[in-house]
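Coordinates as given in start.tsv (TSV, C-alpha atoms):
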```tsv
chain	number	residue	atom	x	y	z
A	1	MET	CA	0.00	0.00	0.00
A	2	PRO	CA	1.56	3.37	-0.95
A	3	ALA	CA	2.37	5.71	1.86
A	4	ASN	CA	-0.26	8.25	0.85
A	5	GLY	CA	-2.95	5.60	0.31
A	6	ASN	CA	-3.45	6.49	-3.34
A	7	CYS	CA	-3.29	4.17	-6.35
A	8	PRO	CA	0.17	4.36	-7.98
A	9	GLU	CA	-1.39	4.26	-11.45
A	10	CYS	CA	-4.40	6.62	-11.23
A	11	ALA	CA	-3.39	8.59	-8.13
A	12	GLN	CA	-6.87	7.93	-6.75
A	13	PRO	CA	-7.37	6.85	-3.21
A	14	LEU	CA	-7.38	3.11	-2.90
A	15	THR	CA	-10.58	1.41	-1.92
A	16	SER	CA	-11.32	-2.12	-0.73
A	17	ASP	CA	-13.12	-2.91	-4.03
A	18	MET	CA	-10.03	-2.21	-6.06
A	19	SER	CA	-7.87	-4.40	-3.83
A	20	ARG	CA	-10.31	-7.30	-4.18
A	21	ARG	CA	-10.32	-6.98	-7.99
A	22	ARG	CA	-6.58	-7.22	-8.09
A	23	LEU	CA	-6.58	-10.30	-5.88
A	24	ASN	CA	-9.15	-11.96	-8.17
A	25	LEU	CA	-6.75	-11.65	-11.12
A	26	ILE	CA	-4.10	-13.89	-9.50
A	27	PRO	CA	-5.87	-17.25	-10.23
A	28	LEU	CA	-6.31	-16.14	-13.83
A	29	PHE	CA	-2.58	-15.55	-14.20
A	30	ILE	CA	-1.81	-18.95	-12.66
A	31	THR	CA	-4.25	-20.67	-15.04
A	32	LEU	CA	-2.70	-18.98	-18.06
A	33	LEU	CA	0.78	-20.06	-16.95
A	34	VAL	CA	-0.36	-23.67	-16.54
A	35	LEU	CA	-2.04	-23.70	-19.96
A	36	GLY	CA	1.01	-22.18	-21.59
A	37	GLY	CA	3.32	-24.76	-20.07
A	38	ALA	CA	1.02	-27.58	-21.12
A	39	GLY	CA	0.86	-26.25	-24.67
A	40	TYR	CA	4.65	-26.00	-24.87
A	41	TYR	CA	5.01	-29.63	-23.66
A	42	VAL	CA	2.53	-30.91	-26.28
A	43	TYR	CA	4.24	-28.96	-29.06
A	44	MET	CA	7.77	-30.14	-28.19
A	45	ASN	CA	6.82	-33.79	-27.74
A	46	PHE	CA	4.06	-34.38	-30.26
A	47	LEU	CA	3.71	-31.58	-32.79
A	48	LYS	CA	7.26	-30.40	-33.50
A	49	PRO	CA	8.46	-31.84	-36.90
A	50	GLY	CA	11.47	-34.17	-36.81
A	51	PRO	CA	14.80	-33.46	-38.52
A	52	ASP	CA	14.85	-33.61	-42.33
A	53	THR	CA	16.48	-36.89	-43.33
A	54	SER	CA	15.95	-36.54	-47.07
A	55	GLY	CA	19.15	-36.91	-49.03
A	56	ILE	CA	20.81	-38.98	-46.33
A	57	GLY	CA	21.75	-42.32	-47.84
A	58	SER	CA	21.08	-45.67	-46.23
A	59	PRO	CA	23.97	-46.93	-44.16
A	60	THR	CA	26.29	-49.32	-46.00
A	61	PRO	CA	25.63	-52.86	-44.72
A	62	VAL	CA	28.57	-54.35	-42.91
A	63	PRO	CA	29.22	-57.99	-43.88
A	64	ASN	CA	29.13	-60.49	-41.09
A	65	PRO	CA	32.63	-61.46	-40.08
A	66	THR	CA	33.60	-65.05	-40.85
A	67	PRO	CA	33.75	-67.08	-37.63
A	68	ALA	CA	37.22	-68.17	-36.70
A	69	ASN	CA	36.21	-71.85	-36.69
A	70	ALA	CA	34.27	-71.74	-40.00
A	71	GLN	CA	35.20	-74.42	-42.51
A	72	PRO	CA	36.40	-73.13	-45.90
A	73	THR	CA	34.00	-73.63	-48.79
A	74	PRO	CA	35.21	-76.61	-50.82
A	75	PRO	CA	36.08	-75.93	-54.40
A	76	PRO	CA	33.58	-77.08	-56.97
A	77	ALA	CA	34.04	-80.57	-58.29
A	78	ASN	CA	35.94	-80.94	-61.54
A	79	THR	CA	33.18	-81.77	-64.02
A	80	THR	CA	35.44	-81.96	-67.07
A	81	ALA	CA	38.18	-84.45	-67.83
A	82	GLU	CA	41.24	-84.42	-70.02
A	83	ALA	CA	40.83	-85.82	-73.49
A	84	PRO	CA	41.55	-89.52	-74.12
A	85	ARG	CA	44.99	-90.06	-75.60
A	86	ALA	CA	47.24	-92.74	-77.00
A	87	VAL	CA	50.39	-93.60	-75.09
A	88	ASP	CA	53.43	-92.24	-76.82
A	89	LYS	CA	55.63	-95.16	-77.96
A	90	PRO	CA	53.93	-97.93	-75.92
A	91	ASN	CA	56.28	-100.45	-74.37
A	92	THR	CA	55.02	-104.06	-74.53
A	93	ASP	CA	58.19	-105.78	-73.27
A	94	LEU	CA	57.26	-108.00	-70.31
A	95	ARG	CA	60.80	-107.73	-69.02
A	96	ASP	CA	59.88	-104.16	-68.14
A	97	THR	CA	59.12	-103.89	-64.41
A	98	ALA	CA	55.87	-101.94	-64.87
A	99	ASN	CA	54.54	-104.34	-67.50
A	100	ALA	CA	55.42	-107.39	-65.41
A	101	LYS	CA	53.64	-105.85	-62.41
A	102	ALA	CA	50.59	-105.08	-64.57
A	103	ARG	CA	50.33	-108.70	-65.65
A	104	ALA	CA	50.63	-109.91	-62.05
A	105	ASP	CA	48.00	-107.40	-60.83
A	106	VAL	CA	45.51	-108.34	-63.53
A	107	ILE	CA	45.97	-112.06	-62.89
A	108	ALA	CA	45.46	-111.51	-59.15
A	109	ARG	CA	42.23	-109.59	-59.78
A	110	ILE	CA	40.59	-111.83	-62.38
A	111	ASP	CA	38.85	-114.06	-59.82
A	112	GLN	CA	37.37	-110.98	-58.08
A	113	MET	CA	35.62	-109.67	-61.19
A	114	PRO	CA	31.83	-109.90	-60.67
A	115	ASN	CA	31.15	-108.85	-64.27
A	116	LEU	CA	33.03	-111.78	-65.84
A	117	SER	CA	31.66	-115.28	-66.23
A	118	PRO	CA	33.84	-118.28	-65.23
A	119	ASP	CA	34.53	-118.97	-68.92
A	120	GLN	CA	35.60	-115.35	-69.51
A	121	LYS	CA	37.83	-115.47	-66.44
A	122	ASN	CA	39.56	-118.62	-67.72
A	123	LYS	CA	40.15	-117.11	-71.17
A	124	LEU	CA	41.41	-113.83	-69.73
A	125	PHE	CA	43.74	-115.66	-67.35
A	126	SER	CA	45.14	-117.73	-70.21
A	127	SER	CA	45.65	-114.68	-72.43
A	128	VAL	CA	47.45	-112.63	-69.77
A	129	ASP	CA	49.43	-115.46	-68.21
A	130	ARG	CA	50.81	-116.67	-71.57
A	131	ALA	CA	51.22	-113.24	-73.13
A	132	ARG	CA	54.41	-112.66	-75.09
A	133	GLY	CA	53.93	-108.91	-74.78
A	134	MET	CA	51.70	-106.50	-72.87
A	135	GLY	CA	51.59	-102.72	-72.68
A	136	CYS	CA	49.30	-99.72	-72.08
A	137	VAL	CA	48.22	-98.12	-75.37
A	138	LEU	CA	45.36	-95.76	-74.39
A	139	ILE	CA	44.53	-93.61	-71.35
A	140	ILE	CA	41.02	-92.25	-70.88
A	141	PRO	CA	40.60	-89.79	-67.96
A	142	PHE	CA	37.23	-89.38	-66.23
A	143	ALA	CA	35.85	-86.33	-64.40
A	144	ASP	CA	34.85	-86.47	-60.71
A	145	GLY	CA	31.88	-88.77	-60.23
A	146	LYS	CA	31.61	-89.67	-63.93
A	147	LYS	CA	31.20	-93.33	-64.88
A	148	THR	CA	30.45	-93.05	-68.59
A	149	LEU	CA	32.07	-91.21	-71.47
A	150	GLU	CA	30.45	-88.02	-72.71
A	151	GLN	CA	29.73	-87.81	-76.44
A	152	LYS	CA	32.72	-85.51	-77.05
A	153	GLU	CA	35.10	-87.79	-75.13
A	154	ALA	CA	33.79	-90.86	-76.98
A	155	ALA	CA	34.45	-89.09	-80.30
A	156	ILE	CA	38.03	-88.29	-79.27
A	157	LEU	CA	38.62	-91.89	-78.18
A	158	THR	CA	37.23	-93.17	-81.49
A	159	SER	CA	39.55	-90.83	-83.36
A	160	ALA	CA	42.55	-92.02	-81.31
A	161	ILE	CA	41.75	-95.65	-82.13
A	162	GLN	CA	41.79	-94.79	-85.82
A	163	SER	CA	45.36	-93.47	-85.57
A	164	PRO	CA	47.93	-95.58	-87.47
A	165	GLY	CA	49.60	-97.00	-84.35
A	166	ILE	CA	46.39	-98.24	-82.68
A	167	LYS	CA	44.86	-99.25	-86.01
A	168	ARG	CA	47.71	-101.70	-86.62
A	169	LEU	CA	46.97	-103.34	-83.28
A	170	THR	CA	43.27	-103.77	-84.02
A	171	GLU	CA	44.13	-105.43	-87.32
A	172	ASP	CA	45.76	-108.33	-85.45
A	173	PRO	CA	42.82	-110.66	-84.68
A	174	THR	CA	44.79	-112.54	-82.02
A	175	LEU	CA	45.47	-109.41	-79.97
A	176	VAL	CA	43.37	-109.01	-76.80
A	177	PHE	CA	42.50	-105.68	-75.18
A	178	VAL	CA	42.30	-105.66	-71.39
A	179	ILE	CA	40.48	-102.51	-70.29
A	180	LEU	CA	41.35	-101.56	-66.71
A	181	GLY	CA	39.03	-99.15	-64.90
A	182	TYR	CA	40.09	-97.20	-61.79
A	183	ALA	CA	38.40	-95.11	-59.11
A	184	ASP	CA	39.52	-92.78	-56.32
A	185	LYS	CA	41.13	-94.32	-53.26
A	186	LYS	CA	38.82	-92.49	-50.85
A	187	GLY	CA	35.31	-93.72	-50.02
A	188	ASP	CA	33.78	-97.18	-49.86
A	189	ALA	CA	35.93	-99.87	-51.49
A	190	LYS	CA	32.96	-101.80	-52.91
A	191	ALA	CA	31.41	-98.66	-54.38
A	192	ASN	CA	34.74	-97.67	-55.91
A	193	GLU	CA	35.09	-101.12	-57.47
A	194	ARG	CA	31.65	-100.75	-59.06
A	195	VAL	CA	32.59	-97.30	-60.40
A	196	SER	CA	35.81	-98.68	-61.87
A	197	ILE	CA	33.91	-101.50	-63.62
A	198	ASP	CA	31.35	-99.06	-65.03
A	199	ARG	CA	34.14	-96.89	-66.45
A	200	ALA	CA	35.90	-99.86	-68.04
A	201	GLU	CA	32.65	-101.13	-69.56
A	202	SER	CA	31.84	-97.66	-70.94
A	203	VAL	CA	35.20	-97.56	-72.75
A	204	LEU	CA	34.74	-101.13	-74.01
A	205	ALA	CA	31.29	-100.25	-75.42
A	206	THR	CA	32.69	-97.17	-77.15
A	207	MET	CA	35.53	-99.16	-78.71
A	208	ARG	CA	33.14	-101.85	-79.90
A	209	ASP	CA	30.16	-99.76	-81.00
A	210	LYS	CA	31.74	-96.47	-82.12
A	211	ALA	CA	35.22	-97.49	-83.28
A	212	SER	CA	34.22	-100.93	-84.63
A	213	VAL	CA	36.96	-102.79	-82.71
A	214	THR	CA	36.34	-106.52	-83.17
A	215	ASN	CA	39.16	-107.87	-81.00
A	216	VAL	CA	38.40	-109.80	-77.84
A	217	MET	CA	38.09	-107.25	-75.00
A	218	TYR	CA	37.71	-107.61	-71.23
A	219	ALA	CA	36.60	-104.90	-68.81
A	220	VAL	CA	38.37	-105.28	-65.47
A	221	GLY	CA	37.59	-103.09	-62.47
A	222	MET	CA	40.68	-102.23	-60.43
A	223	GLY	CA	38.82	-100.21	-57.79
A	224	GLY	CA	41.06	-97.80	-55.89
A	225	ALA	CA	44.28	-99.64	-56.75
A	226	ASP	CA	47.22	-97.57	-57.97
A	227	VAL	CA	47.12	-96.92	-61.70
A	228	LEU	CA	49.63	-99.11	-63.51
A	229	ASN	CA	50.72	-96.56	-66.09
A	230	LYS	CA	52.18	-93.56	-64.26
A	231	GLU	CA	51.47	-91.26	-67.22
A	232	GLY	CA	47.82	-91.32	-66.21
A	233	GLY	CA	48.16	-88.76	-63.41
A	234	ASN	CA	45.25	-89.57	-61.08
A	235	ASN	CA	43.09	-92.60	-60.34
A	236	ARG	CA	39.96	-91.47	-62.18
A	237	LEU	CA	40.76	-93.08	-65.51
A	238	VAL	CA	40.72	-96.16	-67.69
A	239	GLU	CA	43.79	-97.81	-69.19
A	240	VAL	CA	43.58	-99.92	-72.33
A	241	TRP	CA	46.26	-102.60	-72.38
A	242	ALA	CA	47.17	-104.55	-75.50
A	243	VAL	CA	47.97	-108.17	-74.76
A	244	PHE	CA	49.86	-110.21	-77.36
A	245	PRO	CA	49.11	-113.91	-76.71
```
Before we go any further, please render this structure as structure tokens.
Amino acid sequence: MPANGNCPECAQPLTSDMSRRRLNLIPLFITLLVLGGAGYYVYMNFLKPGPDTSGIGSPTPVPNPTPANAQPTPPPANTTAEAPRAVDKPNTDLRDTANAKARADVIARIDQMPNLSPDQKNKLFSSVDRARGMGCVLIIPFADGKKTLEQKEAAILTSAIQSPGIKRLTEDPTLVFVILGYADKKGDAKANERVSIDRAESVLATMRDKASVTNVMYAVGMGGADVLNKEGGNNRLVEVWAVFP
């Protein structure tokens, strides 16, 4: 209250009515403050637009790290094989260590051949045991898991048989071809033996039906045994041996 009892604004004496009016304005001010604060809260939390993210690219995905104990992805299987080929300057001398071993290995395996009849086994044994010469003349590689010759490989084999060196052999009606099939060393031995027989029989059929070879021929499965001719490289192949009785 001013010292002179007058209103500081109008310089009129203050009355009790004016004091009461001023007191009645206080709740109004408080209400306005509350409403203003509430409006500010709603705007900041619900109505204010978010930051403009247009033009900001998506984050570059980070590849998952390879676990330390993860196994490396195996390389794809080799689905193509080398071309069949004739052996350069075949050696048929049975005094040669490799040729002598080949004869012994074939003789030892004849009785185990499920695809040969007893009569065929006897004839094959007689031909190999009494041979005056024996040597590898053809090598036919096979791709992983393959048991039969593809058309292209069969054509190459047929062409090789028509070469002068092999042609001279096929013109001798007494000559016998022993066709030795091989398979990988790994895996089941019985399954590998069956694969080796299938490969040998596929080559025999190609020689007979495509190359018109009329000589006596025997398909012998060697399973996972070591190849006899070291020029062959791996065990997925067929060797054609000429046997001179």
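If you look at atom CA of A:Val243 and atom CA of A:Ser117, they are 19.7 Å away from each other.
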Notebook entry, point to check: Any idea what the distance is between atom CA of A:Asn192 and atom CA of A:Asp96?
Noted result: 28.7 Å
Padded axis-aligned box of stretch 149-153 of chain A (5 Å per side), centre and edge lengths, Å, one decimal, as AutoDock Vina command-line options:
```
--center_x 32.4 --center_y -88.4 --center_z -74.3 --size_x 15.4 --size_y 15.7 --size_z 15.6
```
Checklist line | Long-range neighbours of stretch 213-230 of chain A as number ranges by chain, 6 Å cut-off, all atoms listed in the file, 4 positions minimum in chain | finding: A: 173, 176-185, 192-193, 196-197, 200-201, 207-208
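The shortest atom-to-atom distance to A:Arg85, with only C-alpha atoms taken into account, belongs to A:Leu237 out of A:Ala205, A:Ala189, A:Leu237, A:Ile110.
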Notebook entry, point to check: What does the distance from atom CA of A:Gly135 to atom CA of A:Asn99 come to in Å, to one decimal?
Noted result: 6.2 Å
Reconstructed stretch 175-204 of chain A, atom set N, CA and C atoms, as a PDB file, keeping the file's coordinate frame:
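Once written, out_2.pdb looks like this:
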```
ATOM      1  N   LEU A 175      45.182-110.328 -81.060  1.00  0.00           N
ATOM      2  CA  LEU A 175      45.470-109.410 -79.970  1.00  0.00           C
ATOM      3  C   LEU A 175      44.237-109.232 -79.082  1.00  0.00           C
ATOM      4  N   VAL A 176      44.451-109.178 -77.781  1.00  0.00           N
ATOM      5  CA  VAL A 176      43.370-109.010 -76.800  1.00  0.00           C
ATOM      6  C   VAL A 176      43.561-107.657 -76.108  1.00  0.00           C
ATOM      7  N   PHE A 177      42.468-106.936 -75.934  1.00  0.00           N
ATOM      8  CA  PHE A 177      42.500-105.680 -75.180  1.00  0.00           C
ATOM      9  C   PHE A 177      41.941-105.915 -73.774  1.00  0.00           C
ATOM     10  N   VAL A 178      42.758-105.598 -72.787  1.00  0.00           N
ATOM     11  CA  VAL A 178      42.300-105.660 -71.390  1.00  0.00           C
ATOM     12  C   VAL A 178      42.096-104.205 -70.944  1.00  0.00           C
ATOM     13  N   ILE A 179      40.865-103.892 -70.602  1.00  0.00           N
ATOM     14  CA  ILE A 179      40.480-102.510 -70.290  1.00  0.00           C
ATOM     15  C   ILE A 179      40.350-102.393 -68.773  1.00  0.00           C
ATOM     16  N   LEU A 180      41.283-101.666 -68.167  1.00  0.00           N
ATOM     17  CA  LEU A 180      41.350-101.560 -66.710  1.00  0.00           C
ATOM     18  C   LEU A 180      40.737-100.243 -66.244  1.00  0.00           C
ATOM     19  N   GLY A 181      39.678-100.346 -65.452  1.00  0.00           N
ATOM     20  CA  GLY A 181      39.030 -99.150 -64.900  1.00  0.00           C
ATOM     21  C   GLY A 181      39.502 -98.879 -63.482  1.00  0.00           C
ATOM     22  N   TYR A 182      39.620 -97.600 -63.128  1.00  0.00           N
ATOM     23  CA  TYR A 182      40.090 -97.200 -61.790  1.00  0.00           C
ATOM     24  C   TYR A 182      39.132 -96.193 -61.173  1.00  0.00           C
ATOM     25  N   ALA A 183      39.201 -96.086 -59.851  1.00  0.00           N
ATOM     26  CA  ALA A 183      38.400 -95.110 -59.110  1.00  0.00           C
ATOM     27  C   ALA A 183      39.278 -94.488 -58.022  1.00  0.00           C
ATOM     28  N   ASP A 184      38.776 -93.432 -57.403  1.00  0.00           N
ATOM     29  CA  ASP A 184      39.520 -92.780 -56.320  1.00  0.00           C
ATOM     30  C   ASP A 184      39.770 -93.751 -55.179  1.00  0.00           C
ATOM     31  N   LYS A 185      40.803 -93.469 -54.406  1.00  0.00           N
ATOM     32  CA  LYS A 185      41.130 -94.320 -53.260  1.00  0.00           C
ATOM     33  C   LYS A 185      40.185 -94.062 -52.087  1.00  0.00           C
ATOM     34  N   LYS A 186      39.680 -92.826 -51.979  1.00  0.00           N
ATOM     35  CA  LYS A 186      38.820 -92.490 -50.850  1.00  0.00           C
ATOM     36  C   LYS A 186      37.425 -93.100 -51.043  1.00  0.00           C
ATOM     37  N   GLY A 187      36.675 -93.204 -49.941  1.00  0.00           N
ATOM     38  CA  GLY A 187      35.310 -93.720 -50.020  1.00  0.00           C
ATOM     39  C   GLY A 187      35.236 -95.223 -49.827  1.00  0.00           C
ATOM     40  N   ASP A 188      34.042 -95.762 -50.047  1.00  0.00           N
ATOM     41  CA  ASP A 188      33.780 -97.180 -49.860  1.00  0.00           C
ATOM     42  C   ASP A 188      34.456 -98.015 -50.949  1.00  0.00           C
ATOM     43  N   ALA A 189      35.172 -99.054 -50.536  1.00  0.00           N
ATOM     44  CA  ALA A 189      35.930 -99.870 -51.490  1.00  0.00           C
ATOM     45  C   ALA A 189      35.014-100.577 -52.490  1.00  0.00           C
ATOM     46  N   LYS A 190      33.892-101.091 -52.009  1.00  0.00           N
ATOM     47  CA  LYS A 190      32.960-101.800 -52.910  1.00  0.00           C
ATOM     48  C   LYS A 190      32.350-100.836 -53.928  1.00  0.00           C
ATOM     49  N   ALA A 191      31.982 -99.654 -53.457  1.00  0.00           N
ATOM     50  CA  ALA A 191      31.410 -98.660 -54.380  1.00  0.00           C
ATOM     51  C   ALA A 191      32.448 -98.229 -55.411  1.00  0.00           C
ATOM     52  N   ASN A 192      33.682 -98.059 -54.977  1.00  0.00           N
ATOM     53  CA  ASN A 192      34.740 -97.670 -55.910  1.00  0.00           C
ATOM     54  C   ASN A 192      34.995 -98.757 -56.949  1.00  0.00           C
ATOM     55  N   GLU A 193      34.905-100.014 -56.525  1.00  0.00           N
ATOM     56  CA  GLU A 193      35.090-101.120 -57.470  1.00  0.00           C
ATOM     57  C   GLU A 193      33.998-101.107 -58.536  1.00  0.00           C
ATOM     58  N   ARG A 194      32.750-100.804 -58.105  1.00  0.00           N
ATOM     59  CA  ARG A 194      31.650-100.750 -59.060  1.00  0.00           C
ATOM     60  C   ARG A 194      31.843 -99.593 -60.044  1.00  0.00           C
ATOM     61  N   VAL A 195      32.313 -98.449 -59.530  1.00  0.00           N
ATOM     62  CA  VAL A 195      32.590 -97.300 -60.400  1.00  0.00           C
ATOM     63  C   VAL A 195      33.665 -97.649 -61.424  1.00  0.00           C
ATOM     64  N   SER A 196      34.704 -98.332 -60.961  1.00  0.00           N
ATOM     65  CA  SER A 196      35.810 -98.680 -61.870  1.00  0.00           C
ATOM     66  C   SER A 196      35.346 -99.643 -62.961  1.00  0.00           C
ATOM     67  N   ILE A 197      34.452-100.564 -62.618  1.00  0.00           N
ATOM     68  CA  ILE A 197      33.910-101.500 -63.620  1.00  0.00           C
ATOM     69  C   ILE A 197      33.052-100.741 -64.633  1.00  0.00           C
ATOM     70  N   ASP A 198      32.215 -99.840 -64.138  1.00  0.00           N
ATOM     71  CA  ASP A 198      31.350 -99.060 -65.030  1.00  0.00           C
ATOM     72  C   ASP A 198      32.190 -98.258 -66.030  1.00  0.00           C
ATOM     73  N   ARG A 199      33.279 -97.677 -65.555  1.00  0.00           N
ATOM     74  CA  ARG A 199      34.140 -96.890 -66.450  1.00  0.00           C
ATOM     75  C   ARG A 199      34.777 -97.780 -67.512  1.00  0.00           C
ATOM     76  N   ALA A 200      35.274 -98.939 -67.084  1.00  0.00           N
ATOM     77  CA  ALA A 200      35.900 -99.860 -68.040  1.00  0.00           C
ATOM     78  C   ALA A 200      34.885-100.333 -69.072  1.00  0.00           C
ATOM     79  N   GLU A 201      33.668-100.648 -68.638  1.00  0.00           N
ATOM     80  CA  GLU A 201      32.650-101.130 -69.560  1.00  0.00           C
ATOM     81  C   GLU A 201      32.198-100.018 -70.522  1.00  0.00           C
ATOM     82  N   SER A 202      32.192 -98.771 -70.061  1.00  0.00           N
ATOM     83  CA  SER A 202      31.840 -97.660 -70.940  1.00  0.00           C
ATOM     84  C   SER A 202      32.863 -97.507 -72.056  1.00  0.00           C
ATOM     85  N   VAL A 203      34.150 -97.643 -71.732  1.00  0.00           N
ATOM     86  CA  VAL A 203      35.200 -97.560 -72.750  1.00  0.00           C
ATOM     87  C   VAL A 203      35.100 -98.748 -73.707  1.00  0.00           C
ATOM     88  N   LEU A 204      34.868 -99.941 -73.157  1.00  0.00           N
ATOM     89  CA  LEU A 204      34.740-101.130 -74.010  1.00  0.00           C
ATOM     90  C   LEU A 204      33.586-100.940 -75.015  1.00  0.00           C
TER      91      LEU A 204
END
```
